[in-house]
Structures are given as C-alpha cells and as structure tokens.
$ cat model32.cif   # mmCIF, C-alpha atoms and all ligand atoms
data_start
loop_
_atom_site.label_atom_id
_atom_site.label_comp_id
_atom_site.auth_asym_id
_atom_site.auth_seq_id
_atom_site.Cartn_x
_atom_site.Cartn_y
_atom_site.Cartn_z
CA MET R 1 0.00 0.00 0.00
CA PHE R 2 2.95 2.33 0.61
CA ALA R 3 4.21 1.64 -2.93
CA GLU R 4 0.72 2.23 -4.32
CA ARG R 5 0.62 5.62 -2.63
CA ARG R 6 3.97 6.59 -4.16
CA VAL R 7 2.62 5.57 -7.58
CA GLN R 8 -0.46 7.72 -7.01
CA LEU R 9 1.77 10.66 -6.04
CA ILE R 10 3.91 10.15 -9.15
CA GLU R 11 0.84 10.10 -11.38
CA THR R 12 -0.39 13.34 -9.82
CA MET R 13 3.01 14.99 -10.26
CA ARG R 14 3.06 13.95 -13.92
CA ALA R 15 -0.45 15.32 -14.47
CA LEU R 16 0.62 18.64 -12.90
CA SER R 17 3.74 18.95 -15.06
CA ASP R 18 3.22 21.64 -17.70
CA SER R 19 6.45 20.95 -19.56
CA SER R 20 6.88 18.68 -22.60
CA ASP R 21 8.73 16.25 -20.34
CA ALA R 22 6.19 14.84 -17.88
CA ASP R 23 9.00 13.35 -15.80
CA SER R 24 10.71 16.64 -15.07
CA SER R 25 9.66 16.80 -11.41
CA ALA R 26 10.95 15.42 -8.11
CA ALA R 27 9.63 15.39 -4.57
CA ILE R 28 11.53 15.41 -1.28
CA PHE R 29 10.04 14.28 2.05
CA VAL R 30 11.75 14.32 5.45
CA SER R 31 11.10 12.09 8.44
CA ALA R 32 10.55 13.35 11.96
CA ARG R 33 13.72 13.96 13.97
CA GLU R 34 14.45 12.81 17.50
CA THR R 35 13.78 15.53 20.09
CA PRO R 36 16.10 15.58 23.11
CA ARG R 37 14.40 15.67 26.48
CA ASN R 38 17.46 15.69 28.71
CA SER R 39 20.98 14.17 28.75
CA ASP R 40 20.64 10.74 27.11
CA VAL R 41 16.84 10.70 26.90
CA ASP R 42 14.75 11.68 23.88
CA TYR R 43 11.03 12.33 23.77
CA GLU R 44 9.13 9.30 22.49
CA PHE R 45 9.65 9.13 18.74
CA ARG R 46 6.76 9.02 16.35
CA GLN R 47 7.22 9.23 12.60
CA GLU R 48 5.76 12.21 10.78
CA SER R 49 2.41 11.02 9.44
CA THR R 50 2.78 11.84 5.72
CA PHE R 51 6.29 10.38 5.72
CA TYR R 52 4.96 7.16 7.21
CA TYR R 53 2.00 7.20 4.78
CA LEU R 54 4.45 7.15 1.86
CA THR R 55 7.07 4.78 3.27
CA GLY R 56 5.93 2.67 6.25
CA PHE R 57 9.37 3.58 7.63
CA ASP R 58 9.50 4.56 11.29
CA GLU R 59 13.09 5.71 11.82
CA PRO R 60 14.25 9.31 12.31
CA ASP R 61 16.86 11.12 10.17
CA THR R 62 15.53 9.78 6.88
CA VAL R 63 14.94 11.63 3.61
CA ILE R 64 13.24 10.24 0.54
CA LEU R 65 13.36 11.40 -3.03
CA ILE R 66 10.60 10.54 -5.50
CA ARG R 67 11.38 11.08 -9.19
CA PRO R 68 8.75 10.12 -11.79
CA GLY R 69 10.26 8.38 -14.80
CA ALA R 70 13.76 8.09 -13.36
CA GLU R 71 15.55 4.75 -13.46
CA ALA R 72 15.50 4.85 -9.65
CA PRO R 73 12.21 6.63 -8.89
CA PHE R 74 12.37 5.98 -5.11
CA ILE R 75 15.58 6.81 -3.28
CA MET R 76 15.98 6.58 0.50
CA PHE R 77 18.66 8.26 2.60
CA VAL R 78 18.72 6.45 5.93
CA ARG R 79 20.77 6.10 9.08
CA PRO R 80 23.41 3.43 8.33
CA HIS R 81 24.01 0.31 10.40
CA ASP R 82 25.91 1.09 13.57
CA PRO R 83 27.09 -1.94 15.59
CA GLN R 84 27.57 0.18 18.71
CA MET R 85 24.09 1.73 18.52
CA ALA R 86 22.62 -1.71 17.80
CA ILE R 87 23.87 -2.85 21.22
CA TRP R 88 22.35 0.16 23.00
CA VAL R 89 19.07 0.88 21.21
CA GLY R 90 18.63 -1.91 18.65
CA ALA R 91 19.31 -2.47 14.97
CA ARG R 92 18.43 0.03 12.27
CA ALA R 93 17.09 -0.96 8.88
CA GLY R 94 20.13 0.58 7.20
CA THR R 95 20.55 0.82 3.44
CA ASP R 96 20.10 -2.97 3.06
CA GLY R 97 16.79 -2.85 4.89
CA ALA R 98 15.64 0.15 2.85
CA LEU R 99 16.27 -1.83 -0.35
CA GLN R 100 14.96 -5.20 0.86
CA HIS R 101 11.97 -4.24 3.01
CA TYR R 102 10.91 -0.71 2.10
CA GLY R 103 10.95 -0.81 -1.69
CA ALA R 104 13.79 1.66 -2.26
CA ASP R 105 15.32 1.54 -5.75
CA GLU R 106 18.51 3.02 -4.32
CA ALA R 107 19.52 3.67 -0.72
CA TYR R 108 22.36 5.73 0.75
CA PRO R 109 23.53 6.77 4.20
CA ILE R 110 21.89 10.04 5.28
CA ASP R 111 25.37 11.62 5.58
CA GLU R 112 25.62 11.47 1.77
CA LEU R 113 22.46 13.52 1.19
CA GLU R 114 24.22 16.87 0.83
CA ALA R 115 26.64 15.53 -1.81
CA ARG R 116 24.16 13.42 -3.74
CA LEU R 117 21.14 15.70 -3.84
CA PRO R 118 22.38 18.31 -6.38
CA PRO R 119 23.22 15.81 -9.16
CA LEU R 120 19.96 13.92 -8.55
CA LEU R 121 18.00 17.16 -8.95
CA ALA R 122 20.13 18.66 -11.74
CA GLN R 123 17.51 18.31 -14.52
CA VAL R 124 14.39 18.82 -12.39
CA GLU R 125 12.02 21.62 -13.44
CA HIS R 126 9.38 21.31 -10.71
CA LEU R 127 10.71 20.57 -7.24
CA TYR R 128 8.15 19.48 -4.63
CA TYR R 129 9.18 20.18 -1.06
CA THR R 130 7.32 21.62 1.93
CA LEU R 131 9.58 24.50 2.88
CA GLY R 132 9.74 24.86 6.64
CA SER R 133 9.33 21.15 7.34
CA ASP R 134 12.98 20.61 8.35
CA ASP R 135 15.77 23.15 8.99
CA GLU R 136 18.58 21.05 7.51
CA VAL R 137 16.75 20.08 4.34
CA ASP R 138 15.32 23.61 4.02
CA THR R 139 18.93 24.80 3.77
CA LEU R 140 19.89 22.17 1.19
CA VAL R 141 16.85 22.99 -0.92
CA SER R 142 17.38 26.76 -0.81
CA GLU R 143 21.06 26.27 -1.73
CA HIS R 144 19.96 24.13 -4.65
CA VAL R 145 17.45 26.74 -5.80
CA ALA R 146 20.15 29.46 -5.64
CA ASN R 147 22.71 27.35 -7.53
CA ARG R 148 20.21 26.42 -10.24
CA ARG R 149 19.33 30.09 -10.69
CA GLN R 150 23.01 30.89 -11.26
CA GLN R 151 23.48 27.92 -13.60
CA ALA R 152 20.40 28.92 -15.61
CA GLN R 153 22.01 32.28 -16.32
CA ARG R 154 24.88 30.37 -17.86
CA GLY R 155 22.50 28.29 -19.99
CA GLY R 156 21.83 25.42 -17.56
CA PRO R 157 18.41 23.73 -17.25
CA ARG R 158 15.95 26.04 -15.52
CA LEU R 159 14.31 25.15 -12.20
CA ALA R 160 10.85 26.51 -12.93
CA ASP R 161 9.37 26.40 -9.45
CA LEU R 162 9.36 25.06 -5.94
CA ARG R 163 5.97 23.50 -5.14
CA ASP R 164 4.39 22.40 -1.88
CA PRO R 165 3.45 18.69 -2.09
CA GLY R 166 1.26 19.19 1.00
CA PRO R 167 -2.07 19.72 -0.78
CA ILE R 168 -1.58 16.57 -2.94
CA LEU R 169 -0.85 14.39 0.08
CA GLU R 170 -3.61 16.00 2.14
CA GLN R 171 -6.15 15.15 -0.53
CA MET R 172 -4.84 11.56 -0.69
CA ARG R 173 -4.94 11.17 3.09
CA LEU R 174 -8.42 12.69 3.30
CA LEU R 175 -9.98 9.72 1.49
CA LYS R 176 -9.48 6.58 3.54
CA SER R 177 -8.84 3.24 1.83
CA GLU R 178 -10.24 -0.06 3.07
CA SER R 179 -7.04 -0.86 4.95
CA GLU R 180 -7.02 2.57 6.57
CA VAL R 181 -10.63 2.11 7.67
CA ALA R 182 -9.67 -1.29 9.09
CA SER R 183 -6.90 0.34 11.16
CA LEU R 184 -9.23 3.11 12.35
CA THR R 185 -11.86 0.52 13.24
CA ARG R 186 -9.31 -1.41 15.29
CA ALA R 187 -8.13 1.76 17.04
CA ILE R 188 -11.74 2.62 17.91
CA ALA R 189 -12.49 -0.93 19.09
CA ILE R 190 -9.52 -0.78 21.47
CA THR R 191 -10.61 2.68 22.61
CA GLY R 192 -14.03 1.19 23.39
CA HIS R 193 -12.44 -1.42 25.66
CA GLY R 194 -10.61 1.38 27.44
CA PHE R 195 -13.81 3.36 27.96
CA ASP R 196 -15.56 0.24 29.21
CA ALA R 197 -12.85 -0.22 31.86
CA ALA R 198 -13.09 3.48 32.78
CA PHE R 199 -16.90 3.38 33.10
CA ARG R 200 -16.77 0.33 35.34
CA LEU R 201 -14.00 1.63 37.58
CA THR R 202 -15.39 5.15 38.11
CA ARG R 203 -16.54 6.03 41.62
CA PRO R 204 -16.16 9.04 43.93
CA GLY R 205 -12.85 9.10 45.82
CA LEU R 206 -10.69 7.98 42.91
CA HIS R 207 -8.39 10.43 41.17
CA GLU R 208 -8.63 11.37 37.50
CA TYR R 209 -5.28 9.65 36.84
CA GLU R 210 -6.52 6.36 38.30
CA VAL R 211 -9.34 6.23 35.79
CA GLN R 212 -6.87 7.28 33.09
CA ALA R 213 -4.62 4.38 34.09
CA ALA R 214 -7.47 1.87 33.69
CA LEU R 215 -8.37 3.34 30.28
CA GLU R 216 -4.84 3.38 28.94
CA ALA R 217 -3.96 -0.02 30.42
CA GLU R 218 -6.58 -1.48 28.06
CA PHE R 219 -5.12 0.49 25.14
CA ARG R 220 -1.65 -0.97 25.77
CA ARG R 221 -2.89 -4.45 26.69
CA LEU R 222 -4.75 -4.69 23.38
CA GLY R 223 -1.78 -3.64 21.27
CA SER R 224 -2.04 0.12 20.82
CA PRO R 225 1.55 1.37 21.20
CA ARG R 226 0.54 4.93 22.14
CA ASN R 227 -2.34 7.36 22.36
CA GLY R 228 -3.24 9.53 19.37
CA TYR R 229 -3.16 12.53 21.75
CA PRO R 230 -2.93 13.06 25.52
CA SER R 231 -6.05 11.78 27.29
CA ILE R 232 -8.38 14.41 28.73
CA VAL R 233 -9.76 13.09 32.04
CA ALA R 234 -11.73 15.95 33.57
CA ALA R 235 -13.93 15.77 36.65
CA ALA R 236 -16.37 18.44 37.83
CA HIS R 237 -16.06 21.93 36.30
CA ASP R 238 -12.77 21.05 34.57
CA SER R 239 -14.95 19.32 31.98
CA CYS R 240 -15.58 22.92 30.81
CA ILE R 241 -11.86 23.21 29.92
CA LEU R 242 -11.63 21.86 26.38
CA HIS R 243 -8.05 20.56 26.54
CA TYR R 244 -7.63 19.85 30.26
CA THR R 245 -4.87 17.24 30.55
CA THR R 246 -3.66 17.78 34.11
CA ASN R 247 -5.70 14.76 35.27
CA ARG R 248 -4.51 14.98 38.91
CA LYS R 249 -7.72 15.85 40.84
CA GLN R 250 -9.74 13.70 43.15
CA ILE R 251 -13.23 12.84 41.87
CA HIS R 252 -16.11 13.69 44.20
CA ASP R 253 -19.67 12.53 44.66
CA GLY R 254 -21.94 14.45 42.30
CA ASP R 255 -19.17 15.21 39.78
CA LEU R 256 -19.39 14.53 36.11
CA LEU R 257 -16.36 12.85 34.53
CA LEU R 258 -15.48 13.69 30.93
CA ILE R 259 -12.93 11.56 29.07
CA ASP R 260 -11.71 12.44 25.57
CA ALA R 261 -9.21 9.80 24.45
CA GLY R 262 -8.08 7.71 21.51
CA ALA R 263 -5.82 4.69 21.07
CA GLU R 264 -3.51 4.73 18.05
CA VAL R 265 -3.14 1.61 15.86
CA ASP R 266 -0.98 1.39 12.70
CA TYR R 267 -0.56 5.18 12.94
CA TYR R 268 -4.36 5.77 12.92
CA THR R 269 -6.09 7.21 15.96
CA ALA R 270 -9.55 7.08 17.46
CA ASP R 271 -11.01 10.26 18.99
CA VAL R 272 -13.89 9.55 21.34
CA THR R 273 -15.48 11.52 24.18
CA ARG R 274 -17.97 10.38 26.77
CA THR R 275 -19.27 12.18 29.87
CA TRP R 276 -20.80 10.33 32.79
CA PRO R 277 -21.76 10.80 36.43
CA ALA R 278 -19.02 9.71 38.84
CA ASN R 279 -21.50 8.14 41.25
CA GLY R 280 -23.54 6.45 38.54
CA ARG R 281 -26.56 8.80 38.68
CA PHE R 282 -27.00 12.04 36.72
CA THR R 283 -28.50 14.89 38.72
CA PRO R 284 -31.65 16.30 37.04
CA GLU R 285 -29.61 19.34 35.87
CA GLN R 286 -26.78 17.19 34.51
CA ARG R 287 -29.29 14.96 32.77
CA ALA R 288 -31.09 17.92 31.20
CA VAL R 289 -27.84 19.23 29.70
CA TYR R 290 -26.74 15.72 28.71
CA ASP R 291 -29.98 15.08 26.83
CA ILE R 292 -29.53 18.28 24.81
CA VAL R 293 -25.94 17.44 23.83
CA LEU R 294 -26.94 13.88 22.94
CA GLU R 295 -29.79 15.10 20.75
CA ALA R 296 -27.39 17.54 19.06
CA GLU R 297 -24.89 14.75 18.50
CA ARG R 298 -27.52 12.48 16.97
CA ALA R 299 -28.66 15.32 14.69
CA GLY R 300 -25.06 15.94 13.64
CA ILE R 301 -24.52 12.26 12.86
CA ALA R 302 -27.81 12.10 10.92
CA ALA R 303 -26.62 15.05 8.79
CA SER R 304 -23.40 13.20 7.91
CA GLN R 305 -24.33 11.96 4.45
CA PRO R 306 -22.61 11.74 1.06
CA GLY R 307 -23.56 14.83 -0.94
CA ALA R 308 -24.08 16.90 2.21
CA HIS R 309 -21.39 19.42 3.13
CA PHE R 310 -18.90 19.49 5.97
CA ASP R 311 -20.81 22.29 7.73
CA HIS R 312 -24.14 20.45 7.80
CA PRO R 313 -23.51 18.33 10.91
CA HIS R 314 -22.31 21.48 12.71
CA ASN R 315 -25.37 23.46 11.66
CA ALA R 316 -27.69 20.65 12.75
CA ALA R 317 -25.96 20.41 16.13
CA VAL R 318 -25.94 24.19 16.70
CA ARG R 319 -29.70 24.38 16.10
CA ILE R 320 -30.39 21.75 18.79
CA LEU R 321 -27.89 23.27 21.22
CA THR R 322 -29.35 26.76 20.78
CA GLN R 323 -32.88 25.50 21.35
CA GLY R 324 -31.57 23.66 24.42
CA LEU R 325 -29.94 26.81 25.80
CA VAL R 326 -33.31 28.54 25.48
CA ASP R 327 -35.06 25.63 27.22
CA LEU R 328 -32.49 25.84 30.04
CA LYS R 329 -33.27 29.59 30.34
CA ILE R 330 -29.66 30.51 29.55
CA LEU R 331 -30.64 32.22 26.29
CA GLU R 332 -33.90 33.79 25.24
CA GLY R 333 -35.28 34.86 21.89
CA ASP R 334 -35.95 33.59 18.39
CA ILE R 335 -33.85 30.51 17.54
CA ASP R 336 -32.90 31.68 14.04
CA ALA R 337 -31.88 35.10 15.33
CA LEU R 338 -29.85 33.53 18.17
CA ILE R 339 -28.06 31.26 15.69
CA GLU R 340 -27.46 34.21 13.36
CA ASP R 341 -25.87 36.13 16.28
CA ASP R 342 -23.70 33.16 17.41
CA ALA R 343 -25.41 33.49 20.81
CA TYR R 344 -24.43 29.88 21.64
CA ARG R 345 -20.68 30.69 21.38
CA PRO R 346 -20.00 31.35 25.10
CA PHE R 347 -21.34 27.84 25.83
CA TYR R 348 -20.16 26.02 22.70
CA MET R 349 -16.90 27.57 21.51
CA HIS R 350 -15.52 24.84 19.22
CA SER R 351 -16.75 23.43 15.95
CA THR R 352 -18.58 20.14 15.74
CA SER R 353 -16.24 18.19 13.47
CA HIS R 354 -12.68 17.73 12.26
CA TRP R 355 -11.11 15.21 9.92
CA LEU R 356 -9.77 12.10 11.63
CA GLY R 357 -7.03 9.71 10.52
CA MET R 358 -3.29 9.43 11.13
CA ASP R 359 -3.48 12.74 12.99
CA VAL R 360 -6.29 13.35 15.44
CA HIS R 361 -7.01 16.63 13.67
CA ASP R 362 -6.23 15.10 10.32
CA VAL R 363 -5.12 16.89 7.18
CA GLY R 364 -7.56 17.96 4.49
CA ARG R 365 -9.24 21.13 3.34
CA TYR R 366 -12.47 22.20 5.01
CA ARG R 367 -13.60 24.76 2.44
CA ASP R 368 -13.71 25.02 -1.35
CA SER R 369 -13.67 28.75 -2.17
CA GLU R 370 -16.91 29.88 -0.45
CA ASP R 371 -18.62 26.67 0.63
CA SER R 372 -17.55 23.92 3.03
CA VAL R 373 -16.42 20.79 1.15
CA GLU R 374 -18.87 18.18 -0.03
CA LEU R 375 -18.84 14.94 1.95
CA ILE R 376 -17.89 11.91 -0.13
CA PRO R 377 -17.38 8.22 0.72
CA GLY R 378 -14.06 7.56 2.45
CA MET R 379 -14.03 10.76 4.48
CA CYS R 380 -13.74 10.22 8.22
CA PHE R 381 -14.44 12.88 10.84
CA THR R 382 -15.70 13.40 14.35
CA VAL R 383 -19.09 14.68 15.45
CA GLU R 384 -18.59 16.16 18.91
CA PRO R 385 -21.02 18.76 20.16
CA GLY R 386 -20.81 19.95 23.76
CA LEU R 387 -22.13 22.47 26.22
CA TYR R 388 -19.79 24.14 28.68
CA LEU R 389 -21.55 26.08 31.41
CA SER R 390 -18.84 28.01 33.20
CA PRO R 391 -18.81 27.80 37.02
CA ASP R 392 -18.21 31.58 37.08
CA ASP R 393 -20.90 32.80 34.67
CA GLU R 394 -23.54 34.58 36.75
CA ASN R 395 -25.95 34.69 33.82
CA ILE R 396 -26.33 30.91 34.05
CA PRO R 397 -28.87 29.59 36.60
CA GLN R 398 -26.87 28.50 39.66
CA PRO R 399 -27.63 24.74 39.58
CA LEU R 400 -26.35 24.50 35.99
CA ARG R 401 -23.00 26.23 36.61
CA GLY R 402 -19.93 24.04 36.22
CA ILE R 403 -21.62 21.43 34.03
CA GLY R 404 -19.52 20.58 30.99
CA ILE R 405 -20.60 17.82 28.62
CA ARG R 406 -19.19 16.64 25.30
CA ILE R 407 -20.15 13.53 23.35
CA GLU R 408 -17.94 12.54 20.41
CA ASP R 409 -18.15 9.76 17.83
CA ASP R 410 -16.08 8.87 14.75
CA ILE R 411 -18.02 8.89 11.50
CA LEU R 412 -17.10 7.38 8.12
CA ILE R 413 -18.99 8.55 5.05
CA THR R 414 -20.10 5.57 2.94
CA ALA R 415 -21.74 5.26 -0.48
CA ASP R 416 -25.22 5.10 1.04
CA GLY R 417 -24.88 7.12 4.22
CA HIS R 418 -22.43 6.83 7.08
CA ASN R 419 -20.97 4.36 9.51
CA ASN R 420 -20.64 5.46 13.14
CA LEU R 421 -17.42 3.58 13.91
CA SER R 422 -17.69 4.23 17.68
CA GLU R 423 -21.38 3.44 18.02
CA HIS R 424 -20.63 0.48 20.31
CA ILE R 425 -19.31 2.81 23.03
CA PRO R 426 -22.49 3.74 24.90
CA THR R 427 -23.89 7.28 24.86
CA ASP R 428 -27.39 6.46 26.11
CA PRO R 429 -27.62 7.98 29.62
CA ASP R 430 -29.50 5.00 31.08
CA ALA R 431 -26.92 2.60 29.66
CA LEU R 432 -24.14 4.70 31.18
CA GLU R 433 -25.84 4.78 34.59
CA SER R 434 -26.12 0.99 34.61
CA ILE R 435 -22.44 0.39 33.79
CA VAL R 436 -20.67 3.16 35.78
CA GLY R 437 -19.03 1.82 38.94
CA SER R 438 -19.97 -1.78 38.22
CA SER R 439 -16.38 -3.00 38.73
CA GLN R 440 -15.65 -4.30 42.24
CA ASN R 441 -11.93 -3.59 41.97
MN MN M 1 -12.08 15.48 18.52
#
$ encode --input "model32.cif" --output "structure tokens"
Amino acid sequence: MFAERRVQLIETMRALSDSSDADSSAAIFVSARETPRNSDVDYEFRQESTFYYLTGFDEPDTVILIRPGAEAPFIMFVRPHDPQMAIWVGARAGTDGALQHYGADEAYPIDELEARLPPLLAQVEHLYYTLGSDDEVDTLVSEHVANRRQQAQRGGPRLADLRDPGPILEQMRLLKSESEVASLTRAIAITGHGFDAAFRLTRPGLHEYEVQAALEAEFRRLGSPRNGYPSIVAAAHDSCILHYTTNRKQIHDGDLLLIDAGAEVDYYTADVTRTWPANGRFTPEQRAVYDIVLEAERAGIAASQPGAHFDHPHNAAVRILTQGLVDLKILEGDIDALIEDDAYRPFYMHSTSHWLGMDVHDVGRYRDSEDSVELIPGMCFTVEPGLYLSPDDENIPQPLRGIGIRIEDDILITADGHNNLSEHIPTDPDALESIVGSSQN
C-alpha cells in the first residue's frame, strides 16, 4: 500500500507537469527527527504522518526522493548500520533494509544527502518540497534553488518552481482506503475497551489519573503502542476546559467525569469523548444538559451523508444546542436570530467536526472557495457537540453552573450514508448509569 501511494503521487506529479517532459519533477520528504528531552533521553519518537504514509518507515533522520520516470524513482537516505548503537538501542534498517523491506530503488547513508542531492536534482524543473518542514533540508533545498538560478544564467536547465506537495498528500490522506478504515476501526475498538474499563471503575474518591490508568492499560494491553493525543480526564467543572490534561484531581460525589481519548493503531487514531456521572446517577440538571448534547450529536450524525457538506452536521448540532440553551433559560429569543448572532458561542466555543485519521485533527481542506467541502465516501471525521456552562458565569442559573458535557463519535462517510465507527461505546444515559461503577476492583 505504501508503494501504491507513491505511484499515485507520481501520477499526480506527472499530471501537474506543464512541460513537454512529464518526468521533469521530483519530490523530497523528510522524516521526523528525535527531540532531546534531557541528557541521554529523547522524547518518544513518532514518525511524521505523511512520511509514514508514503514509506511505512519509522526511523528518524531519513529523507526520501521521489522522481517520476527516473531509473531509480524511489531513493531513500537512511541512518546506516551502527554496531555500537545496535547494542544500546537496537538495529536500524540501514541501506540494506531500505532496499529489501521498504521498496527503495537506491539507498544511501543520510550523511551522503548533501553531496548526492544536487546531481539527482540537476535536470528537475518542478521541485516538490514543503519548505519549513525541516531546517537542515530547508537549507539544502534553498542552496539548490540558488545554484540552479546561477546555472540557468549560464545556460543550464531552468528550475521553474518550488511547489508544496502538501495539498496533494492532504487530498490523498483525506480519502481513507479499506485498509485505513480497518486500522481506524481497530483503534476505535480498542478505545471502546478502554472506555468500558473506565466506566466500570469510576466512583467518587478515585483520582482522574486512576481512571486514566485503567483506560490506557486497556489500550496498551490490546496492542495500541501509544495514544493519538494526551487523554483528557476531567472531573467536575474542569470538563468545561476543552483541553484539560492535568488529570490529577480527586473525583467527588456528584461530579461529572469527561474523558476524551483515543488509542492509536498502525498510525491511525480514534477520537472519542464520553461524559458520565461519577457516582452512577446524573443529577436532574446534569441529565437535562446531557440530553440536549446527545440530541445535538444524533442530529449531527444524521446530517453526515454523502452529498451533504462538511458544515451540515455542525449546523444541525448548533440548532439543537441553541434550542436547548433557550429551554435551560440561559438564552432567550428567536432561535434563528440567536443562531445568526452566534449566541451559543460562550457555551459552545468549538466546531462540531474535524477530519480524523493518522493525525487526530487530520489533514484535508475544510472549504472550497466559499462553501464547506462536499462529503464523499471515504471521508472520516468526528461529530462532537458539547455544552460548557462556566462555574463563574452569573448569567447561568446556579444549579447549571460548572456542568460541561461533550459527546464525540467517529463517522465514516459511505456510499449510502455513514458508519458510526464508535457506536458500540455507549452514549445512552441510562446505559451509562447501569455500567458506571460496576467493577468491584
Ligand atoms: Mn475530537
């Protein structure tokens, strides 16, 4: 599948070539680098998503060159074998591995990049590289551009332009293949097991991190090597903080607990949020807000259809949330006028959906000129409305203050509608009440 993606990229580059020679372009992609944390310790390494999408290669300090029509269209520059490093941190693929296991037509040690790059690019007219993606390669590319400009003045082949390959890859990554959907499905299934453990364990007196540990223990136990993003485990009014990740508080009787978390599998991540009562029973106020958010979420999911547009689930959710804010006596007035004025914004300050895939906020355009993009089969995104009633907002009736609720599912657009990939993780408030705290441990 990695080779197929490189072929698809090559075909797109050829189609975008305006010269007589359709093979006059080349593309450069750079891996993630290791980031030092302190002395001999690095931050956990994760490959850059587009680089992994094109290569399946998960080592740092790697550069690839893709050249349509060349005798060696796929060249990898990798870290060489190092017997000493193999003892300390394990073997690298090396140039042999790049050739044998990763489909490279040629492979060289990364130290040779600076010397080899200029001759490999000497005839290229359209150079694809995302400037700003890597300091070292940025420098090599800008030196090459400067040298080619000088050479062109002396009659050398002209480098016509430097192009960003980002939009091509973003469009490719936006439409998920069957194997990508299978990985997402697995990530979401594992995430569901984590939520199940969290539901069952939850009870007043525990700390947020204890519930997080139960959730993430399932992720790891079932084969997810890491989370797609840091888990948000927010009790009480911290559920009103969208990206609360402190997760250190004790959970008290009467609190809500909001968890927003996703296991990563094969470089694809789930992104699921549930909110439930710590003691297993919603208060009437919590339940009233919960029912509004759930209705908004269901309306958003129902609006997720091929041929609809990206904004439609958001618009459907906002209508329900605004009506709900009126019913709760937080807003008053005509629903259409309130929506027109963004009156819901203090209580619902994020949008309802984002693309989902290798990155939790995955790549892909949201708008085509004026309109939001049309939904087509293979697109995957979240639907995640919420209401966040600040503990400090004196315009909110006192018993509602501090209630924060978000419900989030992962939706795949299909030929005849959609598939809610996280549907098996309960959102029904009665179902949640019956499962919360049911573990004896
Ligand atoms: Mn999300």
$ atom_distance --input "model32.cif" --atom1 "atom CA of Val436 of chain R" --atom2 "atom CA of Ala197 of chain R"
9.4 Å
$ residues_around --input "model32.cif" --residues "segment 137-153 of chain R" --least-positions-apart "6" --cutoff "8 Å" --atoms "all atoms listed in the file" --output "ChimeraX atom specification"
/R:30,114,118,122,131,159
$ write_last_selection --input "model32.cif" --atoms "C-alpha atoms" --output "mmCIF file, in the frame of the given file"
data_model
loop_
_atom_site.group_PDB
_atom_site.id
_atom_site.type_symbol
_atom_site.label_atom_id
_atom_site.label_comp_id
_atom_site.auth_asym_id
_atom_site.auth_seq_id
_atom_site.Cartn_x
_atom_site.Cartn_y
_atom_site.Cartn_z
ATOM 1 C CA VAL R 30 11.750 14.320 5.450
ATOM 2 C CA GLU R 114 24.220 16.870 0.830
ATOM 3 C CA PRO R 118 22.380 18.310 -6.380
ATOM 4 C CA ALA R 122 20.130 18.660 -11.740
ATOM 5 C CA LEU R 131 9.580 24.500 2.880
ATOM 6 C CA LEU R 159 14.310 25.150 -12.200
#
$ closest_residue --input "model32.cif" --among "R:Ala302, R:Ala270, R:Ala296, R:Met13" --to "ligand MN 1 (chain M)" --atoms "all atoms listed in the file"
R:Ala270
$ residues_near_point --input "model32.cif" --point "(21.0, 9.0, 5.8)" --cutoff "8 Å" --atoms "all atoms listed in the file" --output "CSV table (one decimal) with C-alpha atoms, keeping the file's coordinate frame"
chain,number,residue,atom,x,y,z
R,61,ASP,CA,16.9,11.1,10.2
R,62,THR,CA,15.5,9.8,6.9
R,63,VAL,CA,14.9,11.6,3.6
R,76,MET,CA,16.0,6.6,0.5
R,77,PHE,CA,18.7,8.3,2.6
R,78,VAL,CA,18.7,6.4,5.9
R,79,ARG,CA,20.8,6.1,9.1
R,80,PRO,CA,23.4,3.4,8.3
R,108,TYR,CA,22.4,5.7,0.8
R,109,PRO,CA,23.5,6.8,4.2
R,110,ILE,CA,21.9,10.0,5.3
R,111,ASP,CA,25.4,11.6,5.6
R,112,GLU,CA,25.6,11.5,1.8
R,113,LEU,CA,22.5,13.5,1.2
$ closest_residue --input "model32.cif" --among "R:Ile301, R:Leu175, R:Ile188, R:Ala288" --to "Thr269 of chain R" --atoms "all atoms listed in the file"
R:Ile188
$ closest_residue --input "model32.cif" --among "R:Asn279, R:Ser31, R:Ser422, R:Gln323" --to "Ser434 of chain R" --atoms "only C-alpha atoms"
R:Asn279
$ closest_atom_pairs --input "model32.cif" --of "chain R" --to "ligand MN 1 (chain M)" --cutoff "9 Å" --atoms "all atoms listed in the file" --output "tab-separated table"
residue	atom	partner	partner_atom	distance
R:Asp260	CA	M:MN1	MN	7.7
R:Ala261	CA	M:MN1	MN	8.7
R:Ala270	CA	M:MN1	MN	8.8
R:Asp271	CA	M:MN1	MN	5.3
R:Val272	CA	M:MN1	MN	6.8
R:Thr273	CA	M:MN1	MN	7.7
R:Thr352	CA	M:MN1	MN	8.5
R:Ser353	CA	M:MN1	MN	7.1
R:His354	CA	M:MN1	MN	6.7
R:Trp355	CA	M:MN1	MN	8.7
R:Leu356	CA	M:MN1	MN	8.0
R:Val360	CA	M:MN1	MN	6.9
R:His361	CA	M:MN1	MN	7.1
R:Phe381	CA	M:MN1	MN	8.4
R:Thr382	CA	M:MN1	MN	5.9
R:Val383	CA	M:MN1	MN	7.7
R:Glu384	CA	M:MN1	MN	6.6
R:Glu408	CA	M:MN1	MN	6.8
R:Asp409	CA	M:MN1	MN	8.4
R:Asp410	CA	M:MN1	MN	8.6
$ closest_residue --input "model32.cif" --among "R:His309, R:Arg203, R:His243, R:Arg5" --to "Ile168 of chain R" --atoms "all atoms listed in the file"
R:Arg5
$ atom_distance --input "model32.cif" --atom1 "atom CA of Val181 of chain R" --atom2 "atom CA of Ala3 of chain R"
18.2 Å
$ atom_distance --input "model32.cif" --atom1 "atom CA of Tyr102 of chain R" --atom2 "atom CA of Arg6 of chain R"
11.9 Å
